[in-house]
Amino acid sequence: MPLLIKRSTIFLSLLLCLTYSYTAVAVIKQSSSAQSSSLTIADYEKLIKQYRYSKPDSAVFFAKMGLAEARKKKDLKGQAMMLNQLGMIDDNLGDFDASNLKYTEALELYRRGKNPVGEAAIIVRLGVVELRKGNYDKAIDLFIQSLKVAERSKNAAGCMEAYLTLAEGYMGQRKFDTALKYLHTAEKINNTIPFSNLSLNIYNNFGVVYREMGIPTLAKTYLEKGIMLSGEPQYQGLNITLTNNLAKVYNKQGNKAKSISLQIAALQKARAINNYLRELQTLTGLADTYGASDAPKALYYFNQALTLVREKGARKQEIEILSRLADLYKYQHNYQLALKLREQQNTLADSLYYKAMAKQVTGLQTEYQLYKSKARVRELDILYKQQRLQRNVYITLAFGALAVLLVIGYYFYRTRRLNKLLNTANTNLKESNQVKDKLFSVLAHDLRAPLASVIDLLFLLDDDDIEGEEKTMLIKRLTSASNITLETLNMLLKWGEMQLKGVRLNSLIVQPAPIIERIINLLTETAEKKKIQLISRVNHKLTMLVDPNHFEFVMRNVTANAVKFTPTGGWVNIDAIADINNNLITFSVQDNGIGIGPDRLPYVFDIGSASTKGTNNETGTSLGLVICKEFIEINQGKIWAESKNGQGTTFFFSLPMFQGAAIKKPVLLPAPRKAIRLSRKHQS
């Protein structure tokens, strides 16, 4: 009995605890919800500015909350402000396409709300994006648009910002005289309105222009004035920028020690306020100040900058730093590491390129789906009208049931016919898109990557200190990369010509053996490098009716692939079997290479098949087998493959046999004696 009471007491205690906990959680949630709903757009903007540089993810979170709140209240200005903040976060991380979209949406909202002050400010932001992308003319055009909007609304601060950014546009083009005119105009307006961060930007730009024009006294005057006026906490970011630019003036005058001390102080401030952009600016500035004369220190700061941009996911800044590190290692004659960094830079640049391309493709697919949806709506609308008409006719003309049935049958027939046409059109569209996608893929990857490799090798060869074995090695790699590019381009041109003009057929009576011997002769050097036995056992008496150019292309491509994917010490056998009953010759090219996986084997002749590297990292485009299939089929033949992973591959193709009188002279010239001897050597 006491035990039962004790258990009951424990149960009641637990129940009370759970009740209190649930009540507490409910109160906390209610308090949190009330606190969130009590935040204004201005509150969200303060939170975003607080976290924009140190914790961009948090800034994005608050911006999206503010945007949702503004949309809920149908506050156009609030929505535009939050989109502007989201655009600035993307801008800081170097994602200019994303920031451009958000700025454009904010601009539309400001225009709908008839807010010229916000409109002028957003047009400036759009111009700054173009400025950072290097599109100076487009940026200047946008700044002029902003100036016109600000002038119409008599917005002095907006006019000052437009003149300031116009100066920056011309500074980017190194037209410093024109930039100074706009800066002086901005300075005059600044003297008539309250002090702001734009005032500090004016002093900073004056300092940069006078520094670049070789007038250090005036540059120091403006930069020191800006530093003196930027002591408030809200101006610390600009204070760091002004300090860094003053350091560059001292460095240009040869006072390296003073420059470094200013930059060290700026770096401490940037880290104290968690300002990622200013920290990156200062680190790269310190690396530039030390430069090649003190390479270890320069590398130390460049590597810190690289770690920082990787933490923040700023890919475009990472590409720039990798490039500058490669230049520095090249100056130190560390060519291997310089080349490695260049390869990292190219890989990252390619990934960004494909990401942008994927966005474009997604956009096109969305538009296509929208188009199909609209077409379907129109089709349903037409069908509805037809059905309504049929119903009215049926009710009104009940006695003409047979006529109504005939009309329905007619429309049913037309609908089926229309569906067939639509299915055919969709199939053709998919094929066309597949051809287009493959073309872009080859252009963007299979040509872009070898060309980038050629450029990197030329970059390394452009150094008088390279000599001996290192130079020979680089020249060999350059020759190999150039040959790969040329082979890819030739294959692409042949395939493109086939898509535009169709396949031309010129059938002749041909002996396959001499052609195969000539192909073996061409591939001997490649095979011998990998110690591969290349053997042909094709009977010289066989004749066939085929386009000789097509046959040679197919046999050369399939044999070259066999050599490419066969490891050192392997073998490749070429055979032919005559089928007199079916009037066919079936050729086979067999190797003991790496094989083709079951997931890829059914698609090796498809346009969408991905290319793979050979056993010695040989490259290709996968277009070769596509062209082979078209050539074999136009010659009334058939091509297929059998393979297992790690056990080799056999490509088969059949062609019509010629069983007439034996020809005394082959249509094609026989292979050179060297090729014939080589073939016999391999057979023995």
# chains A, B, ... in the order shown; residues from 1 in each chain; ligands from 1
$ residues_around --residues "Lys531 (chain A)" --least-positions-apart "4" --cutoff "9 Å" --atoms "only C-alpha atoms" --output "list in words"
Thr526, Ala527, Pro567, Thr568, Gly569, Gly570 and Trp571 of chain A
$ residues_around --residues "region 190-192 of chain A" --least-positions-apart "4" --cutoff "8 Å" --atoms "only C-alpha atoms" --output "MDAnalysis selection string"
chainID A and resid 157 160 186 199
$ write_last_selection --atoms "N, CA and C atoms" --output "PDB file, in the first residue's frame"
ATOM      1  N   ALA A 157      20.539  64.986 -51.816  1.00  0.00           N
ATOM      2  CA  ALA A 157      21.398  63.844 -51.453  1.00  0.00           C
ATOM      3  C   ALA A 157      21.500  62.850 -52.608  1.00  0.00           C
ATOM      4  N   MET A 160      23.850  64.264 -55.193  1.00  0.00           N
ATOM      5  CA  MET A 160      25.234  64.135 -54.750  1.00  0.00           C
ATOM      6  C   MET A 160      25.737  62.706 -54.957  1.00  0.00           C
ATOM      7  N   ALA A 186      29.934  67.156 -56.560  1.00  0.00           N
ATOM      8  CA  ALA A 186      29.405  66.448 -55.390  1.00  0.00           C
ATOM      9  C   ALA A 186      29.827  67.142 -54.098  1.00  0.00           C
ATOM     10  N   SER A 199      29.614  61.725 -47.676  1.00  0.00           N
ATOM     11  CA  SER A 199      30.654  62.748 -47.531  1.00  0.00           C
ATOM     12  C   SER A 199      32.025  62.086 -47.436  1.00  0.00           C
TER      13      SER A 199
END
$ residues_around --residues "Gly597 (chain A)" --least-positions-apart "4" --cutoff "10 Å" --atoms "only C-alpha atoms" --output "list in words"
Leu601, Pro602, Ser643, Lys644, Asn645 and Gly646 of chain A
$ residues_around --residues "Leu655 (chain A)" --least-positions-apart "6" --cutoff "7 Å" --atoms "only C-alpha atoms" --output "list of chain:residue names"
A:Leu584, A:Ile585, A:Thr586, A:Gln636, A:Gly637
$ write_last_selection --atoms "N, CA and C atoms" --output "PDB file, in the first residue's frame"
ATOM      1  N   LEU A 584      26.650 -10.104 -95.516  1.00  0.00           N
ATOM      2  CA  LEU A 584      27.169  -9.103 -94.578  1.00  0.00           C
ATOM      3  C   LEU A 584      28.587  -9.473 -94.145  1.00  0.00           C
ATOM      4  N   ILE A 585      29.376  -8.435 -93.836  1.00  0.00           N
ATOM      5  CA  ILE A 585      30.664  -8.614 -93.171  1.00  0.00           C
ATOM      6  C   ILE A 585      30.541  -7.967 -91.795  1.00  0.00           C
ATOM      7  N   THR A 586      30.824  -8.738 -90.752  1.00  0.00           N
ATOM      8  CA  THR A 586      30.761  -8.192 -89.393  1.00  0.00           C
ATOM      9  C   THR A 586      32.184  -8.004 -88.870  1.00  0.00           C
ATOM     10  N   GLN A 636      23.720   1.275 -94.642  1.00  0.00           N
ATOM     11  CA  GLN A 636      22.877   0.083 -94.512  1.00  0.00           C
ATOM     12  C   GLN A 636      23.483  -0.942 -93.551  1.00  0.00           C
ATOM     13  N   GLY A 637      24.163  -0.464 -92.516  1.00  0.00           N
ATOM     14  CA  GLY A 637      24.774  -1.370 -91.564  1.00  0.00           C
ATOM     15  C   GLY A 637      24.214  -1.203 -90.168  1.00  0.00           C
TER      16      GLY A 637
END
$ atom_distance --atom1 "CA of Glu45 (chain A)" --atom2 "CA of Asp75 (chain A)"
14.5 Å
$ closest_residue --among "A:Lys114, A:Gln50, A:Glu212, A:Leu200" --to "Glu224 (chain A)" --atoms "only C-alpha atoms"
A:Leu200
$ closest_residue --among "A:Leu47, A:Leu308, A:Leu246, A:Leu86" --to "Gly285 (chain A)" --atoms "only C-alpha atoms"
A:Leu246
$ closest_residue --among "A:Ala314, A:Leu299, A:Leu286, A:Leu107" --to "Asp95 (chain A)" --atoms "only C-alpha atoms"
A:Ala314
$ atom_distance --atom1 "CA of Arg556 (chain A)" --atom2 "CA of Ile516 (chain A)"
8.0 Å
$ select_by_dssp --residues "region 193-273 of chain A" --states "alpha helix (DSSP H)" --output "mmCIF file with N, CA and C atoms, in the first residue's frame"
data_model
loop_
_atom_site.group_PDB
_atom_site.id
_atom_site.type_symbol
_atom_site.label_atom_id
_atom_site.label_comp_id
_atom_site.auth_asym_id
_atom_site.auth_seq_id
_atom_site.Cartn_x
_atom_site.Cartn_y
_atom_site.Cartn_z
ATOM 1 N N ASN A 197 27.659 59.310 -44.690
ATOM 2 C CA ASN A 197 28.711 58.421 -45.195
ATOM 3 C C ASN A 197 29.113 58.766 -46.630
ATOM 4 N N LEU A 198 28.201 59.392 -47.389
ATOM 5 C CA LEU A 198 28.534 59.828 -48.752
ATOM 6 C C LEU A 198 29.623 60.898 -48.719
ATOM 7 N N SER A 199 29.614 61.725 -47.676
ATOM 8 C CA SER A 199 30.654 62.748 -47.531
ATOM 9 C C SER A 199 32.025 62.086 -47.436
ATOM 10 N N LEU A 200 32.110 61.014 -46.666
ATOM 11 C CA LEU A 200 33.384 60.292 -46.513
ATOM 12 C C LEU A 200 33.809 59.630 -47.818
ATOM 13 N N ASN A 201 32.821 59.147 -48.587
ATOM 14 C CA ASN A 201 33.141 58.553 -49.888
ATOM 15 C C ASN A 201 33.731 59.594 -50.836
ATOM 16 N N ILE A 202 33.246 60.828 -50.749
ATOM 17 C CA ILE A 202 33.794 61.905 -51.591
ATOM 18 C C ILE A 202 35.263 62.128 -51.253
ATOM 19 N N TYR A 203 35.584 62.245 -49.942
ATOM 20 C CA TYR A 203 36.979 62.467 -49.534
ATOM 21 C C TYR A 203 37.858 61.285 -49.962
ATOM 22 N N ASN A 204 37.316 60.080 -49.822
ATOM 23 C CA ASN A 204 38.081 58.886 -50.208
ATOM 24 C C ASN A 204 38.401 58.908 -51.701
ATOM 25 N N ASN A 205 37.395 59.231 -52.520
ATOM 26 C CA ASN A 205 37.602 59.233 -53.973
ATOM 27 C C ASN A 205 38.565 60.339 -54.403
ATOM 28 N N PHE A 206 38.489 61.501 -53.752
ATOM 29 C CA PHE A 206 39.470 62.562 -54.030
ATOM 30 C C PHE A 206 40.882 62.026 -53.759
ATOM 31 N N GLY A 207 41.041 61.343 -52.615
ATOM 32 C CA GLY A 207 42.356 60.809 -52.262
ATOM 33 C C GLY A 207 42.867 59.823 -53.295
ATOM 34 N N VAL A 208 41.987 58.928 -53.779
ATOM 35 C CA VAL A 208 42.392 57.927 -54.774
ATOM 36 C C VAL A 208 42.788 58.597 -56.093
ATOM 37 N N VAL A 209 41.969 59.565 -56.547
ATOM 38 C CA VAL A 209 42.250 60.237 -57.823
ATOM 39 C C VAL A 209 43.580 60.978 -57.759
ATOM 40 N N TYR A 210 43.804 61.754 -56.693
ATOM 41 C CA TYR A 210 45.054 62.524 -56.590
ATOM 42 C C TYR A 210 46.262 61.587 -56.421
ATOM 43 N N ARG A 211 46.056 60.460 -55.754
ATOM 44 C CA ARG A 211 47.153 59.492 -55.644
ATOM 45 C C ARG A 211 47.539 58.952 -57.018
ATOM 46 N N GLU A 212 46.530 58.580 -57.809
ATOM 47 C CA GLU A 212 46.802 58.023 -59.137
ATOM 48 C C GLU A 212 47.343 59.073 -60.100
ATOM 49 N N PRO A 216 50.525 63.497 -54.286
ATOM 50 C CA PRO A 216 50.346 62.891 -52.960
ATOM 51 C C PRO A 216 49.914 63.870 -51.878
ATOM 52 N N THR A 217 50.321 65.150 -51.999
ATOM 53 C CA THR A 217 49.968 66.127 -50.955
ATOM 54 C C THR A 217 48.456 66.286 -50.852
ATOM 55 N N LEU A 218 47.797 66.488 -52.011
ATOM 56 C CA LEU A 218 46.336 66.632 -52.003
ATOM 57 C C LEU A 218 45.661 65.314 -51.617
ATOM 58 N N ALA A 219 46.226 64.205 -52.049
ATOM 59 C CA ALA A 219 45.652 62.901 -51.698
ATOM 60 C C ALA A 219 45.639 62.726 -50.176
ATOM 61 N N LYS A 220 46.767 63.038 -49.515
ATOM 62 C CA LYS A 220 46.840 62.914 -48.053
ATOM 63 C C LYS A 220 45.860 63.859 -47.371
ATOM 64 N N THR A 221 45.722 65.083 -47.897
ATOM 65 C CA THR A 221 44.837 66.078 -47.278
ATOM 66 C C THR A 221 43.410 65.548 -47.195
ATOM 67 N N TYR A 222 42.906 65.034 -48.315
ATOM 68 C CA TYR A 222 41.523 64.545 -48.335
ATOM 69 C C TYR A 222 41.362 63.269 -47.503
ATOM 70 N N LEU A 223 42.315 62.358 -47.611
ATOM 71 C CA LEU A 223 42.194 61.089 -46.875
ATOM 72 C C LEU A 223 42.299 61.309 -45.369
ATOM 73 N N GLU A 224 43.203 62.175 -44.935
ATOM 74 C CA GLU A 224 43.337 62.455 -43.494
ATOM 75 C C GLU A 224 42.110 63.181 -42.952
ATOM 76 N N LYS A 225 41.528 64.058 -43.802
ATOM 77 C CA LYS A 225 40.296 64.735 -43.392
ATOM 78 C C LYS A 225 39.178 63.710 -43.194
ATOM 79 N N GLY A 226 39.067 62.754 -44.123
ATOM 80 C CA GLY A 226 38.048 61.710 -44.009
ATOM 81 C C GLY A 226 38.257 60.852 -42.778
ATOM 82 N N ILE A 227 39.515 60.502 -42.487
ATOM 83 C CA ILE A 227 39.816 59.679 -41.309
ATOM 84 C C ILE A 227 39.436 60.410 -40.032
ATOM 85 N N MET A 228 39.709 61.705 -40.001
ATOM 86 C CA MET A 228 39.406 62.511 -38.813
ATOM 87 C C MET A 228 37.891 62.592 -38.577
ATOM 88 N N LEU A 229 37.092 62.633 -39.679
ATOM 89 C CA LEU A 229 35.644 62.781 -39.545
ATOM 90 C C LEU A 229 34.913 61.447 -39.417
ATOM 91 N N GLN A 236 32.921 53.234 -39.156
ATOM 92 C CA GLN A 236 34.186 52.518 -39.010
ATOM 93 C C GLN A 236 34.619 51.807 -40.298
ATOM 94 N N GLY A 237 33.653 51.299 -41.060
ATOM 95 C CA GLY A 237 33.997 50.641 -42.320
ATOM 96 C C GLY A 237 34.696 51.590 -43.280
ATOM 97 N N LEU A 238 34.143 52.800 -43.415
ATOM 98 C CA LEU A 238 34.760 53.805 -44.297
ATOM 99 C C LEU A 238 36.082 54.295 -43.724
ATOM 100 N N ASN A 239 36.178 54.340 -42.396
ATOM 101 C CA ASN A 239 37.440 54.728 -41.762
ATOM 102 C C ASN A 239 38.558 53.773 -42.175
ATOM 103 N N ILE A 240 38.236 52.479 -42.229
ATOM 104 C CA ILE A 240 39.233 51.470 -42.633
ATOM 105 C C ILE A 240 39.633 51.668 -44.086
ATOM 106 N N THR A 241 38.650 51.911 -44.962
ATOM 107 C CA THR A 241 38.949 52.130 -46.384
ATOM 108 C C THR A 241 39.829 53.356 -46.576
ATOM 109 N N LEU A 242 39.505 54.448 -45.882
ATOM 110 C CA LEU A 242 40.307 55.670 -45.969
ATOM 111 C C LEU A 242 41.736 55.415 -45.497
ATOM 112 N N THR A 243 41.864 54.655 -44.417
ATOM 113 C CA THR A 243 43.200 54.336 -43.875
ATOM 114 C C THR A 243 44.011 53.509 -44.874
ATOM 115 N N ASN A 244 43.373 52.529 -45.483
ATOM 116 C CA ASN A 244 44.061 51.689 -46.468
ATOM 117 C C ASN A 244 44.527 52.498 -47.675
ATOM 118 N N ASN A 245 43.697 53.423 -48.123
ATOM 119 C CA ASN A 245 44.088 54.248 -49.273
ATOM 120 C C ASN A 245 45.213 55.220 -48.902
ATOM 121 N N LEU A 246 45.200 55.703 -47.661
ATOM 122 C CA LEU A 246 46.310 56.555 -47.211
ATOM 123 C C LEU A 246 47.605 55.733 -47.160
ATOM 124 N N ALA A 247 47.494 54.477 -46.732
ATOM 125 C CA ALA A 247 48.668 53.591 -46.707
ATOM 126 C C ALA A 247 49.243 53.413 -48.105
ATOM 127 N N LYS A 248 48.382 53.314 -49.100
ATOM 128 C CA LYS A 248 48.850 53.156 -50.485
ATOM 129 C C LYS A 248 49.600 54.399 -50.956
ATOM 130 N N VAL A 249 49.174 55.580 -50.482
ATOM 131 C CA VAL A 249 49.881 56.822 -50.841
ATOM 132 C C VAL A 249 51.308 56.771 -50.290
ATOM 133 N N TYR A 250 51.438 56.390 -49.009
ATOM 134 C CA TYR A 250 52.776 56.303 -48.402
ATOM 135 C C TYR A 250 53.631 55.244 -49.096
ATOM 136 N N ASN A 251 53.019 54.137 -49.445
ATOM 137 C CA ASN A 251 53.769 53.078 -50.129
ATOM 138 C C ASN A 251 54.261 53.554 -51.497
ATOM 139 N N LYS A 252 53.425 54.326 -52.173
ATOM 140 C CA LYS A 252 53.804 54.855 -53.485
ATOM 141 C C LYS A 252 54.956 55.839 -53.358
ATOM 142 N N LYS A 256 57.436 52.513 -46.932
ATOM 143 C CA LYS A 256 56.794 51.212 -46.753
ATOM 144 C C LYS A 256 56.433 50.949 -45.289
ATOM 145 N N ALA A 257 57.283 51.370 -44.378
ATOM 146 C CA ALA A 257 57.040 51.124 -42.947
ATOM 147 C C ALA A 257 55.765 51.825 -42.479
ATOM 148 N N LYS A 258 55.593 53.089 -42.890
ATOM 149 C CA LYS A 258 54.396 53.837 -42.521
ATOM 150 C C LYS A 258 53.150 53.179 -43.114
ATOM 151 N N SER A 259 53.267 52.747 -44.366
ATOM 152 C CA SER A 259 52.144 52.094 -45.037
ATOM 153 C C SER A 259 51.713 50.846 -44.281
ATOM 154 N N ILE A 260 52.683 50.025 -43.880
ATOM 155 C CA ILE A 260 52.360 48.775 -43.192
ATOM 156 C C ILE A 260 51.742 49.038 -41.825
ATOM 157 N N SER A 261 52.251 50.040 -41.110
ATOM 158 C CA SER A 261 51.698 50.326 -39.775
ATOM 159 C C SER A 261 50.237 50.781 -39.882
ATOM 160 N N LEU A 262 49.910 51.592 -40.913
ATOM 161 C CA LEU A 262 48.517 52.008 -41.111
ATOM 162 C C LEU A 262 47.630 50.810 -41.434
ATOM 163 N N GLN A 263 48.129 49.908 -42.271
ATOM 164 C CA GLN A 263 47.321 48.750 -42.667
ATOM 165 C C GLN A 263 47.132 47.768 -41.514
ATOM 166 N N ILE A 264 48.134 47.598 -40.682
ATOM 167 C CA ILE A 264 47.985 46.722 -39.501
ATOM 168 C C ILE A 264 46.893 47.261 -38.589
ATOM 169 N N ALA A 265 46.890 48.598 -38.386
ATOM 170 C CA ALA A 265 45.843 49.217 -37.557
ATOM 171 C C ALA A 265 44.468 49.016 -38.189
ATOM 172 N N ALA A 266 44.390 49.156 -39.517
ATOM 173 C CA ALA A 266 43.118 48.962 -40.222
ATOM 174 C C ALA A 266 42.639 47.519 -40.096
ATOM 175 N N LEU A 267 43.579 46.563 -40.161
ATOM 176 C CA LEU A 267 43.219 45.150 -40.050
ATOM 177 C C LEU A 267 42.637 44.846 -38.670
ATOM 178 N N GLN A 268 43.223 45.418 -37.628
ATOM 179 C CA GLN A 268 42.708 45.211 -36.274
ATOM 180 C C GLN A 268 41.284 45.761 -36.137
ATOM 181 N N LYS A 269 41.040 46.949 -36.734
ATOM 182 C CA LYS A 269 39.691 47.535 -36.682
ATOM 183 C C LYS A 269 38.689 46.662 -37.424
ATOM 184 N N ALA A 270 39.075 46.191 -38.615
ATOM 185 C CA ALA A 270 38.165 45.374 -39.425
ATOM 186 C C ALA A 270 37.771 44.104 -38.683
ATOM 187 N N ARG A 271 38.742 43.483 -37.995
ATOM 188 C CA ARG A 271 38.433 42.262 -37.261
ATOM 189 C C ARG A 271 37.633 42.552 -35.997
ATOM 190 N N ALA A 272 37.856 43.715 -35.430
ATOM 191 C CA ALA A 272 37.119 44.077 -34.212
ATOM 192 C C ALA A 272 35.633 44.274 -34.498
#
$ decode --residues "region 291-341 of chain A" --atoms "C-alpha atoms" --output "short mmCIF file (atom, residue, chain, number, x, y, z; two decimals), in the first residue's frame"
data_model
loop_
_atom_site.label_atom_id
_atom_site.label_comp_id
_atom_site.auth_asym_id
_atom_site.auth_seq_id
_atom_site.Cartn_x
_atom_site.Cartn_y
_atom_site.Cartn_z
CA GLY A 291 54.98 42.36 -52.73
CA ALA A 292 57.62 40.31 -54.48
CA SER A 293 60.43 41.96 -52.47
CA ASP A 294 59.19 40.18 -49.33
CA ALA A 295 57.35 37.23 -50.84
CA PRO A 296 56.94 35.16 -47.63
CA LYS A 297 55.05 38.02 -45.91
CA ALA A 298 52.98 38.65 -49.04
CA LEU A 299 52.09 34.94 -49.23
CA TYR A 300 51.20 34.97 -45.51
CA TYR A 301 48.56 37.69 -46.01
CA PHE A 302 47.31 36.30 -49.34
CA ASN A 303 46.71 32.90 -47.70
CA GLN A 304 44.79 34.57 -44.86
CA ALA A 305 42.64 36.32 -47.48
CA LEU A 306 42.09 33.00 -49.27
CA THR A 307 40.93 31.33 -46.03
CA LEU A 308 38.57 34.25 -45.38
CA VAL A 309 36.86 34.19 -48.78
CA ARG A 310 36.47 30.41 -48.61
CA GLU A 311 34.78 30.71 -45.21
CA LYS A 312 32.35 33.28 -46.62
CA GLY A 313 31.78 31.38 -49.90
CA ALA A 314 32.85 34.39 -51.99
CA ARG A 315 33.85 32.46 -55.12
CA LYS A 316 34.68 35.39 -57.38
CA GLN A 317 37.05 36.92 -54.82
CA GLU A 318 38.59 33.44 -54.37
CA ILE A 319 39.33 33.29 -58.13
CA GLU A 320 41.09 36.69 -57.97
CA ILE A 321 43.24 35.70 -54.97
CA LEU A 322 44.21 32.37 -56.57
CA SER A 323 45.35 34.29 -59.65
CA ARG A 324 47.49 36.66 -57.61
CA LEU A 325 49.00 33.80 -55.60
CA ALA A 326 49.91 32.05 -58.86
CA ASP A 327 51.65 35.22 -60.10
CA LEU A 328 53.65 35.42 -56.87
CA TYR A 329 54.73 31.75 -57.00
CA LYS A 330 55.71 32.20 -60.62
CA TYR A 331 57.90 35.15 -59.62
CA GLN A 332 59.56 32.82 -57.08
CA HIS A 333 60.13 30.26 -59.91
CA ASN A 334 57.87 27.76 -58.14
CA TYR A 335 56.22 26.79 -61.41
CA GLN A 336 54.65 23.58 -60.17
CA LEU A 337 52.67 25.32 -57.42
CA ALA A 338 51.85 28.24 -59.73
CA LEU A 339 50.37 25.81 -62.26
CA LYS A 340 48.40 24.01 -59.53
CA LEU A 341 46.86 27.30 -58.35
#
